[in-house]
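In what follows, a single structure is set out as structure tokens and then discussed.
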Amino acid sequence: MSSEITASQIAAWNKELRGKSPLEITAWAVSQARGRAIVSTNFRPYEAVVLHLATQSQSDIPVLWVDHGYNRPATYKHAEELRKHLGLNLKAYLPKITSAHRDAVDGPIPSPDNEEGLKKFSALMKLEPFQRGMRELAPTIWITALRKVQNPNRAELDIVSADANFNSLKISPVFYLSDAEMEAYLAEHHLPNEWDYFDPAKADEKRECGLHATWGGTAATAAA
């Protein structure tokens, strides 16, 4: 991300984009990237929306996915269905150790009340491979499916935000969409959804895994 981009410039973009459609926002993001845009996904519910938007704007856009090895079968099947349906240019990044290896050494996935354990798990199995992917793909624009309604931390963001962890401009074209609007988009474009998703690095929906939190960058580097 260019150091010349200021907070006032980001504020101006957010004001300009607030009245645009998600597709218009996505197309704007791709146009700003000069060939260096990516979209990230974890194939959770409603991810098909942002993946459809991204591929409509750039058919071969790299899709960064961290496959930490703990996804449920339904999520893997959903990922494969979307890969074929949308022709995704999927870039899968895996942790340096397998889930079976980690479980044998460290035991079961940490419980929701084990904050230190969850952060260690996230750094090893999710943040390090994501940081590796971002380093190799080197995007200037990172398109995400973040939404205001997801949790308090994300509610403080906006359509455009600077990401210090991964040195890119983060664009969230569906930031202000409700669940009902996301459902309507899926129905309009005949896109599948997946409700069996589980993120072991978060433990619950109000917690951040670190990708979109300040501590994530440091944790990823330490796990490398």
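Identifiers in the structure tokens: chain A, B, ... in order shown; residue index from 1 per chain; ligand index from 1 in order shown.
Excluding Leu94 (chain A) and any residue on its chain fewer than 3 positions from it, the residues at most 6 Å away by only C-alpha atoms are Val66, Asp67, His68 and Pro129 of chain A.
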Write a file of the just-selected residues containing C-alpha atoms, as a tab-separated table (two decimals), in the first residue's frame.
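The resulting file, out.tsv, is shown below:
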chain	number	residue	atom	x	y	z
A	66	VAL	CA	-6.01	-20.64	4.01
A	67	ASP	CA	-6.94	-24.31	4.28
A	68	HIS	CA	-6.01	-24.90	7.92
A	129	PRO	CA	-0.03	-19.25	5.95
key: Contacts of Gly35 (chain A) within 12 Å, only C-alpha atoms, excl. fewer than 5 positions in-chain, as a VMD selection string   = chain A and resid 29 to 30 57 to 62 137 to 142
Those residues with C-alpha atoms, as a PDB file, in the first residue's frame please?
ATOM      1  CA  ALA A  29     -11.259  -1.682  -6.242  1.00  0.00           C
ATOM      2  CA  VAL A  30      -9.966  -3.699  -9.181  1.00  0.00           C
ATOM      3  CA  SER A  57     -14.912  -7.586 -12.013  1.00  0.00           C
ATOM      4  CA  GLN A  58     -11.801  -9.650 -12.846  1.00  0.00           C
ATOM      5  CA  SER A  59     -12.386 -13.233 -13.952  1.00  0.00           C
ATOM      6  CA  ASP A  60      -8.903 -14.476 -13.023  1.00  0.00           C
ATOM      7  CA  ILE A  61      -8.502 -12.573  -9.755  1.00  0.00           C
ATOM      8  CA  PRO A  62      -6.376 -14.602  -7.303  1.00  0.00           C
ATOM      9  CA  LEU A 137       0.787 -12.570  -4.091  1.00  0.00           C
ATOM     10  CA  ALA A 138       1.797  -9.037  -2.987  1.00  0.00           C
ATOM     11  CA  PRO A 139      -1.556  -7.305  -3.542  1.00  0.00           C
ATOM     12  CA  THR A 140      -2.052  -3.576  -3.326  1.00  0.00           C
ATOM     13  CA  ILE A 141      -5.820  -4.131  -3.036  1.00  0.00           C
ATOM     14  CA  TRP A 142      -7.299  -6.810  -0.793  1.00  0.00           C
TER      15      TRP A 142
END
Can you list, as a CSV table (one decimal) with C-alpha atoms, in the first residue's frame, all residues belonging to region 115-180 of chain A that DSSP tags as helix (DSSP H, G or I)?
chain,number,residue,atom,x,y,z
A,115,GLU,CA,-7.6,-16.9,24.8
A,116,GLU,CA,-3.8,-17.5,24.8
A,117,GLY,CA,-4.3,-21.0,23.3
A,118,LEU,CA,-6.6,-19.7,20.6
A,119,LYS,CA,-4.2,-17.0,19.6
A,120,LYS,CA,-1.4,-19.6,19.4
A,121,PHE,CA,-3.6,-21.8,17.3
A,122,SER,CA,-4.6,-19.0,15.0
A,123,ALA,CA,-1.0,-17.8,14.5
A,124,LEU,CA,0.2,-21.3,13.6
A,125,MET,CA,-2.6,-22.7,11.5
A,126,LYS,CA,-4.2,-19.5,10.0
A,127,LEU,CA,-2.2,-16.3,10.3
A,128,GLU,CA,1.3,-17.6,9.2
A,129,PRO,CA,0.0,-19.2,6.0
A,130,PHE,CA,-2.1,-16.2,5.2
A,131,GLN,CA,0.9,-13.9,5.7
A,132,ARG,CA,2.9,-16.2,3.4
A,133,GLY,CA,0.1,-15.9,0.8
A,134,MET,CA,0.0,-12.2,1.0
A,135,ARG,CA,3.7,-11.9,0.8
A,136,GLU,CA,3.8,-14.1,-2.4
A,137,LEU,CA,0.8,-12.6,-4.1
A,152,PRO,CA,-18.0,-5.0,17.2
A,153,ASN,CA,-14.4,-4.9,15.9
A,154,ARG,CA,-15.5,-4.9,12.3
A,155,ALA,CA,-18.3,-2.4,12.9
A,179,ASP,CA,-28.1,-10.9,6.0
A,180,ALA,CA,-31.4,-10.4,4.1
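Between CA of Thr41 (chain A) and CA of Ala12 (chain A) there is a distance of 27.0 Å.
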request  = Go ahead and compute the interatomic distance for CA of Lys202 (chain A) and CA of Asp103 (chain A), in Å to one decimal.
outcome  =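 That distance, rounded to one decimal, is 16.9 Å.
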Go through region 24-86 of chain A residue by residue and, counting only C-alpha atoms, keep those with an atom at most 10 Å from region 183-194 of chain A; for each kept residue give the shortest atom pair and its distance in Å to one decimal, ordered by chain and increasing number, as a tab-separated table.
residue	atom	partner	partner_atom	distance
A:Phe43	CA	A:Glu194	CA	7.7
A:Arg44	CA	A:Glu194	CA	6.6
A:Pro45	CA	A:Glu194	CA	5.1
A:Tyr46	CA	A:Asn193	CA	6.0
A:Glu47	CA	A:Asn193	CA	7.8
A:Ala48	CA	A:Leu191	CA	6.6
A:Val49	CA	A:Leu186	CA	6.5
A:His52	CA	A:Leu191	CA	8.5
A:Ala74	CA	A:Glu194	CA	7.2
A:Thr75	CA	A:Glu194	CA	6.7
A:Tyr76	CA	A:Glu194	CA	9.9
A:Lys77	CA	A:Glu194	CA	9.3
A:His78	CA	A:Glu194	CA	6.5
A:Ala79	CA	A:Glu194	CA	9.3
A:Glu81	CA	A:Pro192	CA	8.3
A:Leu82	CA	A:Pro192	CA	7.8
A:His85	CA	A:Leu191	CA	8.7
A:Leu86	CA	A:Leu191	CA	9.5
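Pairwise distance (CA of Pro112 (chain A), CA of Phe198 (chain A)) equals 12.9 Å.
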request  = Please return as a ChimeraX atom specification: the residues of region 15-222 of chain A that backbone DSSP assigns to strand (DSSP E or B).
outcome  = /A:37-41,62-66,89-93,141-143,160-163,168-171
Expected file contents, prior selection, N, CA and C atoms, as a short mmCIF file (atom, residue, chain, number, x, y, z; two decimals), in the first residue's frame:
data_model
loop_
_atom_site.label_atom_id
_atom_site.label_comp_id
_atom_site.auth_asym_id
_atom_site.auth_seq_id
_atom_site.Cartn_x
_atom_site.Cartn_y
_atom_site.Cartn_z
N ALA A 37 -4.82 -6.96 -7.50
CA ALA A 37 -5.92 -7.17 -6.55
C ALA A 37 -6.05 -8.65 -6.24
N ILE A 38 -6.45 -8.96 -5.02
CA ILE A 38 -6.83 -10.32 -4.66
C ILE A 38 -8.14 -10.26 -3.88
N VAL A 39 -8.79 -11.41 -3.75
CA VAL A 39 -9.93 -11.53 -2.85
C VAL A 39 -9.62 -12.70 -1.93
N SER A 40 -9.90 -12.54 -0.64
CA SER A 40 -9.67 -13.64 0.31
C SER A 40 -11.01 -14.29 0.65
N THR A 41 -10.94 -15.56 1.03
CA THR A 41 -12.16 -16.28 1.40
C THR A 41 -11.84 -17.36 2.41
N PRO A 62 -6.83 -13.59 -8.25
CA PRO A 62 -6.38 -14.60 -7.30
C PRO A 62 -7.27 -14.65 -6.06
N VAL A 63 -7.64 -15.87 -5.67
CA VAL A 63 -8.50 -16.08 -4.50
C VAL A 63 -7.67 -16.73 -3.41
N LEU A 64 -7.32 -15.98 -2.39
CA LEU A 64 -6.46 -16.47 -1.32
C LEU A 64 -7.30 -17.21 -0.27
N TRP A 65 -6.98 -18.48 -0.08
CA TRP A 65 -7.70 -19.32 0.88
C TRP A 65 -6.69 -20.04 1.76
N VAL A 66 -6.80 -19.86 3.08
CA VAL A 66 -6.01 -20.64 4.01
C VAL A 66 -6.81 -21.89 4.37
N ASN A 89 -9.77 -18.75 -9.51
CA ASN A 89 -8.31 -18.87 -9.58
C ASN A 89 -7.82 -19.04 -8.13
N LEU A 90 -8.08 -20.24 -7.60
CA LEU A 90 -7.88 -20.48 -6.17
C LEU A 90 -6.41 -20.66 -5.83
N LYS A 91 -5.96 -19.90 -4.83
CA LYS A 91 -4.59 -19.99 -4.32
C LYS A 91 -4.68 -20.46 -2.87
N ALA A 92 -4.52 -21.77 -2.69
CA ALA A 92 -4.66 -22.34 -1.34
C ALA A 92 -3.31 -22.35 -0.64
N TYR A 93 -3.31 -21.86 0.60
CA TYR A 93 -2.11 -21.87 1.43
C TYR A 93 -2.38 -22.71 2.67
N ILE A 141 -4.41 -4.17 -3.42
CA ILE A 141 -5.82 -4.13 -3.04
C ILE A 141 -6.24 -5.52 -2.58
N TRP A 142 -6.83 -5.56 -1.38
CA TRP A 142 -7.30 -6.81 -0.79
C TRP A 142 -8.81 -6.71 -0.61
N ILE A 143 -9.56 -7.47 -1.40
CA ILE A 143 -11.03 -7.45 -1.33
C ILE A 143 -11.49 -8.49 -0.32
N VAL A 160 -13.57 1.06 2.79
CA VAL A 160 -12.13 1.15 2.53
C VAL A 160 -11.41 1.36 3.86
N SER A 161 -10.38 0.56 4.09
CA SER A 161 -9.57 0.74 5.29
C SER A 161 -8.14 0.34 4.99
N ALA A 162 -7.21 0.98 5.66
CA ALA A 162 -5.80 0.64 5.50
C ALA A 162 -5.48 -0.56 6.39
N ASP A 163 -4.77 -1.53 5.85
CA ASP A 163 -4.41 -2.70 6.63
C ASP A 163 -2.91 -2.71 6.88
N SER A 168 -1.67 -3.36 2.76
CA SER A 168 -2.54 -3.26 1.58
C SER A 168 -3.75 -2.40 1.91
N LEU A 169 -4.48 -2.04 0.88
CA LEU A 169 -5.73 -1.32 1.06
C LEU A 169 -6.85 -2.35 1.04
N LYS A 170 -7.60 -2.41 2.12
CA LYS A 170 -8.65 -3.42 2.27
C LYS A 170 -9.98 -2.84 1.81
N ILE A 171 -10.63 -3.52 0.87
CA ILE A 171 -11.91 -3.06 0.34
C ILE A 171 -12.97 -4.10 0.67
#
query = For Ile109 (chain A), which residue among A:Thr144, A:Ala201, A:Asn42, A:Pro173 is the nearest when counting only C-alpha atoms?
reply = A:Ala201
Residue nearest Thr98 (chain A) among A:Ile159, A:Tyr70, A:Val174, A:Asn114 (counting only C-alpha atoms) =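 Result for the nearest residue to Thr98 (chain A): A:Tyr70.
Between Ile97 (chain A) and the candidates A:Gly69, A:Leu17, A:Glu156, A:Ser31, the tightest atom-to-atom separation, counting only C-alpha atoms, involves A:Gly69.
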task = Please identify all polymer residues within 10 Å of Ser178 (chain A), counting only C-alpha atoms, omitting same-chain residues fewer than 6 positions from it, and present them as a list of chain:residue names.
result =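 Here the answer would be A:Arg147, A:Lys148, A:Val149, A:Gln150, A:Ala184.
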